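Undergrad: Please find one structure pasted underneath; my questions will follow.
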Amino acid sequence: MTHRATIQVAAAPDGTMIYSVPMPPEALPPVSARALMAAWEQARDAAGQAQWGAARLFRFHRPDGGTADLALADTDARCWAAAIDRDSGIHTTIGLSLCVRLLALVDLLARAGWARGLFHLAPDGAELHPALLRAAATAPLTAQAGFDEHSLRGRLAALPPPRQPTHPHGEPA
């Protein structure tokens with residue numbers, strides 16, 4: 001499947017944006033770690049400005065004719081998707097991959113205790129370990145448009161032990 005596949009976009013009567021994606025989530029291309037970090041910052045800025053976006057539904061089409069849906073109804077996810085759409089265009093496979101990877105990374109950071117030493121979140125921004133960003137930018141996505149936690153953790157296994165996050169003044173958190 002080409003990474004330049006056409007994603008059809010339509011608006012439902014209720015304002016939900018519906019994306020017909022001619023491939024499954026696991027066929028979305030990798031992105032650059034730099035682009036993923038930029039998307040993180042764009043999403044953070046949009047949330048700070050309360051730029052909530054429309055609800056979105058991504059309908060991924062499988063080669064066997066089946067489909068898988070990813071709905072973004074949560075206000076934060078809508079905001080982040082809108083921010084990425086403004087900058088990268090989620091009607092493209094690269095823009096959509098960036099959006100899905102950002103959402104999968106946020107989900108991972110919220111629930112994966114093993115990753116705690118690989119990031120530090122603060123009101124003035126985020127610090128993400130470069131290897132975590134590279135892994136999230138290039139790791140294969142699952143059929144559910146997320147990361148296979150075991151596979152992602154394996155990509156990071158060669159890292160030194162996670163460091164303890166510090167406060168801005170250098171003392172341990």
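By convention in this document, the chains of the structure tokens carry letters A, B, ... by their order, each chain's residues are numbered from 1, and ligands are numbered from 1 in the order they are shown.
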So which residues of range 16-162 of chain A fall under strand (DSSP E or B) by DSSP, listed as a PyMOL selection string?

TA: chain A and resi 17-21+56-61+67-72+119-122+125-128+141+147

Undergrad: Could you give me, as a VMD selection string, the residues within 8 Å of range 10-18 of chain A, counting only C-alpha atoms and dropping anything in the same chain fewer than 2 positions from it?

TA: chain A and resid 8 20 54 to 59

Undergrad: Please measure the separation of CA of Ala137 in chain A and CA of Ala50 in chain A, giving the value in Å to one decimal.

TA: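 Distance reported for this atom pair: 26.1 Å.
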
Undergrad: What parts of chain A does DSSP call alpha helix (DSSP H)? I'd like the answer as a PyMOL selection string.

TA: chain A and resi 33-48+75-88+93-111+130-138+149-155

Undergrad: Quick one: of A:Arg86, A:Pro24, A:Gly146, A:Pro29, who's nearest to Gly53 in chain A, counting only C-alpha atoms?

TA: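 Among A:Arg86, A:Pro24, A:Gly146, A:Pro29, it is A:Arg86 that comes nearest to Gly53 in chain A.
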
Undergrad: Would you work out the distance separating CA of Tyr19 in chain A from CA of Ala112 in chain A, expressed in Å to one decimal?

TA: 29.2 Å

Undergrad: Hey, which of A:Ile7, A:Val100, A:Leu152, A:Leu133 ends up closest to Ala71 in chain A? Count only C-alpha atoms.

TA: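 Using only C-alpha atoms, the shortest distance to Ala71 in chain A belongs to A:Val100.
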
Undergrad: So, counting only C-alpha atoms, which residue among A:Ala81, A:Leu132, A:Val31, A:Leu70 is closest to Trp52 in chain A?

TA: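 Among the listed residues, the smallest separation from Trp52 in chain A belongs to A:Ala81.
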
Undergrad: Hey, what's within 7 Å of Thr142 in chain A if we count only C-alpha atoms and toss same-chain stuff fewer than 3 positions away? As a ChimeraX atom specification, please?

TA: /A:25-26,145-148

Undergrad: Take CA of Asp74 in chain A and CA of Leu103 in chain A and report the distance between them in Å, one decimal.

TA: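 Separating CA of Asp74 in chain A from CA of Leu103 in chain A is a distance of 11.3 Å.
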
Undergrad: Could you list, as a VMD selection string, every residue within 12 Å of range 35-48 of chain A, counting only C-alpha atoms and ignoring same-chain residues fewer than 4 positions away?

TA: chain A and resid 30 to 31 52 to 53 75 to 90 94 to 106 121 to 138

Undergrad: Store the residues picked out above in a file with N, CA and C atoms, as a short mmCIF file (atom, residue, chain, number, x, y, z; two decimals), in the first residue's frame.

TA:
```
data_model
loop_
_atom_site.label_atom_id
_atom_site.label_comp_id
_atom_site.auth_asym_id
_atom_site.auth_seq_id
_atom_site.Cartn_x
_atom_site.Cartn_y
_atom_site.Cartn_z
N PRO A 30 5.78 5.32 9.19
CA PRO A 30 6.48 5.96 10.30
C PRO A 30 6.58 7.47 10.02
N VAL A 31 6.88 8.21 11.07
CA VAL A 31 7.10 9.66 10.96
C VAL A 31 8.44 9.96 11.61
N TRP A 52 -10.78 23.70 20.73
CA TRP A 52 -11.37 22.37 20.62
C TRP A 52 -11.80 22.15 19.19
N GLY A 53 -11.56 20.99 18.69
CA GLY A 53 -11.89 20.66 17.31
C GLY A 53 -13.16 19.84 17.23
N THR A 75 -12.73 15.64 24.28
CA THR A 75 -12.35 17.02 23.91
C THR A 75 -10.85 17.17 23.73
N ASP A 76 -10.05 16.52 24.57
CA ASP A 76 -8.59 16.64 24.41
C ASP A 76 -8.15 16.02 23.09
N ALA A 77 -8.61 14.82 22.80
CA ALA A 77 -8.22 14.16 21.55
C ALA A 77 -8.68 14.98 20.35
N ARG A 78 -9.88 15.55 20.43
CA ARG A 78 -10.37 16.40 19.33
C ARG A 78 -9.48 17.61 19.15
N CYS A 79 -9.08 18.21 20.24
CA CYS A 79 -8.20 19.39 20.20
C CYS A 79 -6.87 19.04 19.56
N TRP A 80 -6.28 17.93 20.00
CA TRP A 80 -4.97 17.53 19.48
C TRP A 80 -5.06 17.21 18.00
N ALA A 81 -6.11 16.49 17.59
CA ALA A 81 -6.27 16.15 16.18
C ALA A 81 -6.45 17.42 15.33
N ALA A 82 -7.21 18.38 15.84
CA ALA A 82 -7.42 19.63 15.10
C ALA A 82 -6.10 20.38 14.93
N ALA A 83 -5.27 20.39 15.98
CA ALA A 83 -3.99 21.08 15.90
C ALA A 83 -3.09 20.43 14.84
N ILE A 84 -3.05 19.11 14.82
CA ILE A 84 -2.24 18.42 13.83
C ILE A 84 -2.81 18.63 12.43
N ASP A 85 -4.13 18.64 12.34
CA ASP A 85 -4.77 18.84 11.04
C ASP A 85 -4.41 20.22 10.48
N ARG A 86 -4.40 21.23 11.34
CA ARG A 86 -4.06 22.59 10.88
C ARG A 86 -2.64 22.65 10.34
N ASP A 87 -1.72 21.92 10.95
CA ASP A 87 -0.32 22.01 10.55
C ASP A 87 0.09 20.98 9.51
N SER A 88 -0.37 19.74 9.67
CA SER A 88 0.11 18.66 8.82
C SER A 88 -0.94 18.08 7.89
N GLY A 89 -2.20 18.31 8.18
CA GLY A 89 -3.28 17.78 7.36
C GLY A 89 -3.50 16.30 7.60
N ILE A 90 -4.48 15.96 8.41
CA ILE A 90 -4.71 14.54 8.69
C ILE A 90 -5.52 13.86 7.58
N ILE A 94 0.64 10.61 6.09
CA ILE A 94 1.68 11.05 7.04
C ILE A 94 1.03 11.86 8.17
N GLY A 95 0.16 12.79 7.84
CA GLY A 95 -0.52 13.58 8.87
C GLY A 95 -1.37 12.71 9.77
N LEU A 96 -2.08 11.74 9.20
CA LEU A 96 -2.89 10.84 10.00
C LEU A 96 -2.01 9.97 10.89
N SER A 97 -0.90 9.49 10.35
CA SER A 97 0.02 8.68 11.14
C SER A 97 0.56 9.50 12.31
N LEU A 98 0.89 10.75 12.08
CA LEU A 98 1.37 11.64 13.14
C LEU A 98 0.31 11.78 14.23
N CYS A 99 -0.93 11.98 13.83
CA CYS A 99 -2.04 12.13 14.78
C CYS A 99 -2.24 10.86 15.60
N VAL A 100 -2.31 9.72 14.92
CA VAL A 100 -2.54 8.45 15.61
C VAL A 100 -1.38 8.13 16.55
N ARG A 101 -0.16 8.39 16.11
CA ARG A 101 1.01 8.13 16.95
C ARG A 101 1.03 9.04 18.18
N LEU A 102 0.65 10.29 18.02
CA LEU A 102 0.59 11.19 19.18
C LEU A 102 -0.45 10.69 20.18
N LEU A 103 -1.62 10.32 19.70
CA LEU A 103 -2.66 9.81 20.60
C LEU A 103 -2.22 8.51 21.27
N ALA A 104 -1.55 7.63 20.52
CA ALA A 104 -1.06 6.38 21.10
C ALA A 104 0.03 6.65 22.14
N LEU A 105 0.88 7.63 21.89
CA LEU A 105 1.93 7.98 22.85
C LEU A 105 1.33 8.53 24.13
N VAL A 106 0.36 9.41 24.02
CA VAL A 106 -0.30 9.97 25.21
C VAL A 106 -0.95 8.84 26.01
N LEU A 121 6.53 15.59 32.60
CA LEU A 121 5.51 16.55 32.18
C LEU A 121 5.44 17.66 33.22
N ALA A 122 5.37 18.88 32.74
CA ALA A 122 5.26 20.05 33.61
C ALA A 122 4.34 21.06 32.94
N PRO A 123 3.82 22.01 33.70
CA PRO A 123 2.93 23.00 33.09
C PRO A 123 3.57 23.79 31.94
N ASP A 124 4.88 23.94 31.98
CA ASP A 124 5.55 24.72 30.93
C ASP A 124 6.05 23.86 29.77
N GLY A 125 5.74 22.57 29.77
CA GLY A 125 6.15 21.73 28.65
C GLY A 125 6.44 20.32 29.06
N ALA A 126 6.96 19.57 28.13
CA ALA A 126 7.26 18.17 28.35
C ALA A 126 8.70 17.89 27.95
N GLU A 127 9.28 16.96 28.65
CA GLU A 127 10.60 16.46 28.28
C GLU A 127 10.43 14.96 28.01
N LEU A 128 10.64 14.57 26.76
CA LEU A 128 10.50 13.17 26.36
C LEU A 128 11.87 12.65 25.95
N HIS A 129 12.22 11.49 26.44
CA HIS A 129 13.51 10.90 26.08
C HIS A 129 13.56 10.74 24.57
N PRO A 130 14.67 11.12 23.94
CA PRO A 130 14.77 11.01 22.47
C PRO A 130 14.50 9.61 21.95
N ALA A 131 14.93 8.58 22.68
CA ALA A 131 14.69 7.21 22.22
C ALA A 131 13.20 6.86 22.28
N LEU A 132 12.49 7.39 23.27
CA LEU A 132 11.05 7.17 23.35
C LEU A 132 10.37 7.82 22.16
N LEU A 133 10.77 9.03 21.82
CA LEU A 133 10.21 9.71 20.65
C LEU A 133 10.49 8.93 19.37
N ARG A 134 11.74 8.48 19.21
CA ARG A 134 12.09 7.71 18.00
C ARG A 134 11.28 6.42 17.92
N ALA A 135 11.14 5.75 19.05
CA ALA A 135 10.37 4.50 19.06
C ALA A 135 8.91 4.76 18.70
N ALA A 136 8.31 5.79 19.28
CA ALA A 136 6.91 6.10 19.00
C ALA A 136 6.71 6.56 17.56
N ALA A 137 7.71 7.20 17.00
CA ALA A 137 7.62 7.70 15.63
C ALA A 137 7.73 6.59 14.60
N THR A 138 8.41 5.50 14.97
CA THR A 138 8.70 4.47 13.97
C THR A 138 8.13 3.09 14.28
#
```

Undergrad: Find, counting only C-alpha atoms, the residue in A:Leu156, A:Gln49, A:Leu72, A:Thr92 that gets nearest to Pro22 in chain A.

TA: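 Using only C-alpha atoms, Pro22 in chain A sits closest to A:Thr92.
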